[in-house]
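For reference, the structure discussed in these notes is given below.
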Amino acid sequence: MKIETEQRVTGFLGLCMRAGQMTSGQEACVEAIRSGLAAIVLLDGGASENTQKRIIDACHSHPTPLYSVSEGALGHAIGKKGRMVICLKEGGMATKLLTMLKDEPRL
């Protein structure tokens with residue numbers, strides 16, 4: 001992901017967190033993906049291999065857009081150090097984030 005795109009995305013994630021449109025943490029995100037509530041998923045570059053595999057498999061099984069950001073960016077953006085996975089609920093904020101990421105490669 002380009003640096004300027006990642007900066008805009010991480011800034012927007014703070015707003016999403018305050019608006020209550022975000023779910024964070026591996027278990028909560030996998031559950032949201034499986035239940036069809038996740039519109040987009042972001043995976044931190046520092047996530048373990050097991051976490052990466054679990055999230056990638058869930059997103060491929062239940063077609064959900066998945067993107068990666070640089071290591072430590074997610075935790076810093078939402079103010080919760082160590083978070084490796086976040087997902088956004090269906091709605092305007094998820095649509096805006098997908099628009100921001102339209103030119104970036106998916107995982």
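In the structure tokens, the first chain shown is A, the next is B, and so on; residue numbers restart at 1 for each chain, and ligands run from 1 in the order shown.
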Quick one: residues within 10 Å of A:Tyr67, only C-alpha atoms, excluding same-chain residues fewer than 3 positions away - as a ChimeraX atom specification?
/A:1,40-45,56,64,98,101,104-107
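Residues in contact with stretch 35-37 of chain A at 7 Å, where only C-alpha atoms are counted and same-chain residues fewer than 4 positions away are skipped, are listed as A:Glu31, A:Lys89, A:Glu90.
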The distance between atom CA of A:Asp103 and atom CA of A:Gln7 is 14.8 Å
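When DSSP reads the backbone of this structure, the residues of stretch 3-56 of chain A it assigns to strand (DSSP E) are Met22, Thr23, Ser24, Ala38, Ala39, Ile40, Val41, Leu42, Leu43 and Asp44 of chain A.
Excluding A:Ala58 and any residue on its chain fewer than 5 positions from it, the residues at most 7 Å away by only C-alpha atoms are Val30, Ile33 and Arg34 of chain A.
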Contact residues around A:Gly72 with only C-alpha atoms at 7 Å, ignoring same-chain residues under 2 positions, as a short mmCIF file (atom, residue, chain, number, x, y, z; two decimals) with all heavy atoms, in the first residue's frame:
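As a result, around07.cif now contains:
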data_model
loop_
_atom_site.label_atom_id
_atom_site.label_comp_id
_atom_site.auth_asym_id
_atom_site.auth_seq_id
_atom_site.Cartn_x
_atom_site.Cartn_y
_atom_site.Cartn_z
N ASP A 44 -2.98 -6.27 9.86
CA ASP A 44 -1.70 -5.64 10.16
C ASP A 44 -0.57 -6.51 9.63
O ASP A 44 -0.63 -7.74 9.71
CB ASP A 44 -1.55 -5.46 11.67
CG ASP A 44 -0.42 -4.52 12.03
OD1 ASP A 44 0.74 -4.98 12.08
OD2 ASP A 44 -0.69 -3.33 12.26
N GLY A 46 2.21 -7.07 10.85
CA GLY A 46 2.93 -7.77 11.92
C GLY A 46 2.16 -8.93 12.51
O GLY A 46 2.59 -9.53 13.49
N SER A 70 0.89 -1.62 6.95
CA SER A 70 2.22 -1.87 7.51
C SER A 70 2.15 -2.23 8.99
O SER A 70 1.17 -1.94 9.67
CB SER A 70 3.12 -0.66 7.29
OG SER A 70 2.59 0.47 7.95
N LEU A 74 -2.34 -0.45 12.47
CA LEU A 74 -3.71 -0.58 12.96
C LEU A 74 -3.83 -0.18 14.43
O LEU A 74 -4.71 0.59 14.80
CB LEU A 74 -4.23 -2.01 12.78
CG LEU A 74 -4.57 -2.44 11.37
CD1 LEU A 74 -5.12 -3.85 11.37
CD2 LEU A 74 -5.56 -1.49 10.74
N GLY A 75 -2.97 -0.74 15.25
CA GLY A 75 -3.00 -0.42 16.68
C GLY A 75 -2.82 1.05 16.94
O GLY A 75 -3.50 1.65 17.78
N HIS A 76 -1.91 1.66 16.21
CA HIS A 76 -1.67 3.10 16.35
C HIS A 76 -2.88 3.91 15.91
O HIS A 76 -3.26 4.88 16.55
CB HIS A 76 -0.43 3.50 15.56
CG HIS A 76 -0.08 4.94 15.67
ND1 HIS A 76 0.43 5.49 16.82
CD2 HIS A 76 -0.21 5.95 14.78
CE1 HIS A 76 0.62 6.78 16.63
NE2 HIS A 76 0.24 7.09 15.38
#
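Relative to atom CA of A:Cys29, atom CA of A:Glu4 is found at 25.9 Å.
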Among chain A, which ones does DSSP assign to alpha helix (DSSP H) (computed from the backbone)? Answer as a ChimeraX atom specification.
/A:3-19,26-34,49-61,73-78,92-100
With C-alpha atoms kept, could you save the residues just selected as a PDB file, in the first residue's frame?
ATOM      1  CA  ILE A   3       2.386   5.610   2.080  1.00  0.00           C
ATOM      2  CA  GLU A   4      -0.019   8.476   1.364  1.00  0.00           C
ATOM      3  CA  THR A   5      -2.949   6.063   0.971  1.00  0.00           C
ATOM      4  CA  GLU A   6      -2.072   4.328   4.236  1.00  0.00           C
ATOM      5  CA  GLN A   7      -1.895   7.665   6.061  1.00  0.00           C
ATOM      6  CA  ARG A   8      -5.373   8.624   4.835  1.00  0.00           C
ATOM      7  CA  VAL A   9      -6.741   5.184   5.715  1.00  0.00           C
ATOM      8  CA  THR A  10      -5.284   5.126   9.229  1.00  0.00           C
ATOM      9  CA  GLY A  11      -6.604   8.621   9.901  1.00  0.00           C
ATOM     10  CA  PHE A  12     -10.053   7.546   8.734  1.00  0.00           C
ATOM     11  CA  LEU A  13      -9.924   4.436  10.956  1.00  0.00           C
ATOM     12  CA  GLY A  14      -9.771   6.604  14.070  1.00  0.00           C
ATOM     13  CA  LEU A  15     -13.001   8.265  12.982  1.00  0.00           C
ATOM     14  CA  CYS A  16     -14.601   4.863  12.304  1.00  0.00           C
ATOM     15  CA  MET A  17     -13.590   3.706  15.782  1.00  0.00           C
ATOM     16  CA  ARG A  18     -15.171   6.731  17.440  1.00  0.00           C
ATOM     17  CA  ALA A  19     -18.334   6.246  15.355  1.00  0.00           C
ATOM     18  CA  GLN A  26      -9.093 -11.777  15.632  1.00  0.00           C
ATOM     19  CA  GLU A  27     -12.014 -13.683  17.187  1.00  0.00           C
ATOM     20  CA  ALA A  28     -14.514 -10.837  16.844  1.00  0.00           C
ATOM     21  CA  CYS A  29     -13.523 -10.192  13.231  1.00  0.00           C
ATOM     22  CA  VAL A  30     -13.715 -13.860  12.220  1.00  0.00           C
ATOM     23  CA  GLU A  31     -17.201 -14.017  13.744  1.00  0.00           C
ATOM     24  CA  ALA A  32     -18.238 -10.828  11.889  1.00  0.00           C
ATOM     25  CA  ILE A  33     -16.880 -12.211   8.603  1.00  0.00           C
ATOM     26  CA  ARG A  34     -18.666 -15.543   9.034  1.00  0.00           C
ATOM     27  CA  GLU A  49       1.218 -16.586  10.382  1.00  0.00           C
ATOM     28  CA  ASN A  50      -1.673 -18.305  12.161  1.00  0.00           C
ATOM     29  CA  THR A  51      -3.672 -15.071  12.383  1.00  0.00           C
ATOM     30  CA  GLN A  52      -2.962 -14.242   8.754  1.00  0.00           C
ATOM     31  CA  LYS A  53      -4.036 -17.710   7.595  1.00  0.00           C
ATOM     32  CA  ARG A  54      -7.224 -17.655   9.664  1.00  0.00           C
ATOM     33  CA  ILE A  55      -8.293 -14.213   8.428  1.00  0.00           C
ATOM     34  CA  ILE A  56      -7.364 -14.888   4.797  1.00  0.00           C
ATOM     35  CA  ASP A  57      -9.259 -18.192   4.831  1.00  0.00           C
ATOM     36  CA  ALA A  58     -12.340 -16.576   6.400  1.00  0.00           C
ATOM     37  CA  CYS A  59     -12.319 -13.718   3.866  1.00  0.00           C
ATOM     38  CA  HIS A  60     -11.971 -16.109   0.930  1.00  0.00           C
ATOM     39  CA  SER A  61     -14.708 -18.426   2.234  1.00  0.00           C
ATOM     40  CA  ALA A  73      -0.363   0.830  11.801  1.00  0.00           C
ATOM     41  CA  LEU A  74      -3.711  -0.578  12.963  1.00  0.00           C
ATOM     42  CA  GLY A  75      -3.001  -0.424  16.680  1.00  0.00           C
ATOM     43  CA  HIS A  76      -1.665   3.095  16.353  1.00  0.00           C
ATOM     44  CA  ALA A  77      -4.635   4.256  14.265  1.00  0.00           C
ATOM     45  CA  ILE A  78      -7.303   3.064  16.690  1.00  0.00           C
ATOM     46  CA  GLY A  92     -21.216   4.566   4.509  1.00  0.00           C
ATOM     47  CA  MET A  93     -17.870   4.407   6.300  1.00  0.00           C
ATOM     48  CA  ALA A  94     -17.043   0.999   4.833  1.00  0.00           C
ATOM     49  CA  THR A  95     -18.012   2.276   1.382  1.00  0.00           C
ATOM     50  CA  LYS A  96     -15.750   5.326   1.834  1.00  0.00           C
ATOM     51  CA  LEU A  97     -12.843   3.120   2.932  1.00  0.00           C
ATOM     52  CA  LEU A  98     -13.336   0.813  -0.061  1.00  0.00           C
ATOM     53  CA  THR A  99     -13.266   3.897  -2.297  1.00  0.00           C
ATOM     54  CA  MET A 100      -9.964   4.997  -0.718  1.00  0.00           C
TER      55      MET A 100
END
Among listed residues A:Ser48, A:Gly20, A:Gly25, A:His62, nearest A:Lys80 (using only C-alpha atoms)
A:Gly25
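Across the structure, atom CA of A:Arg83 and atom CA of A:Ala39 are spaced 18.4 Å apart.
Using only C-alpha atoms, the smallest distance between any of A:Lys102, A:Glu71, A:Ala47, A:Ile86 and A:Ser24 comes from A:Ile86.
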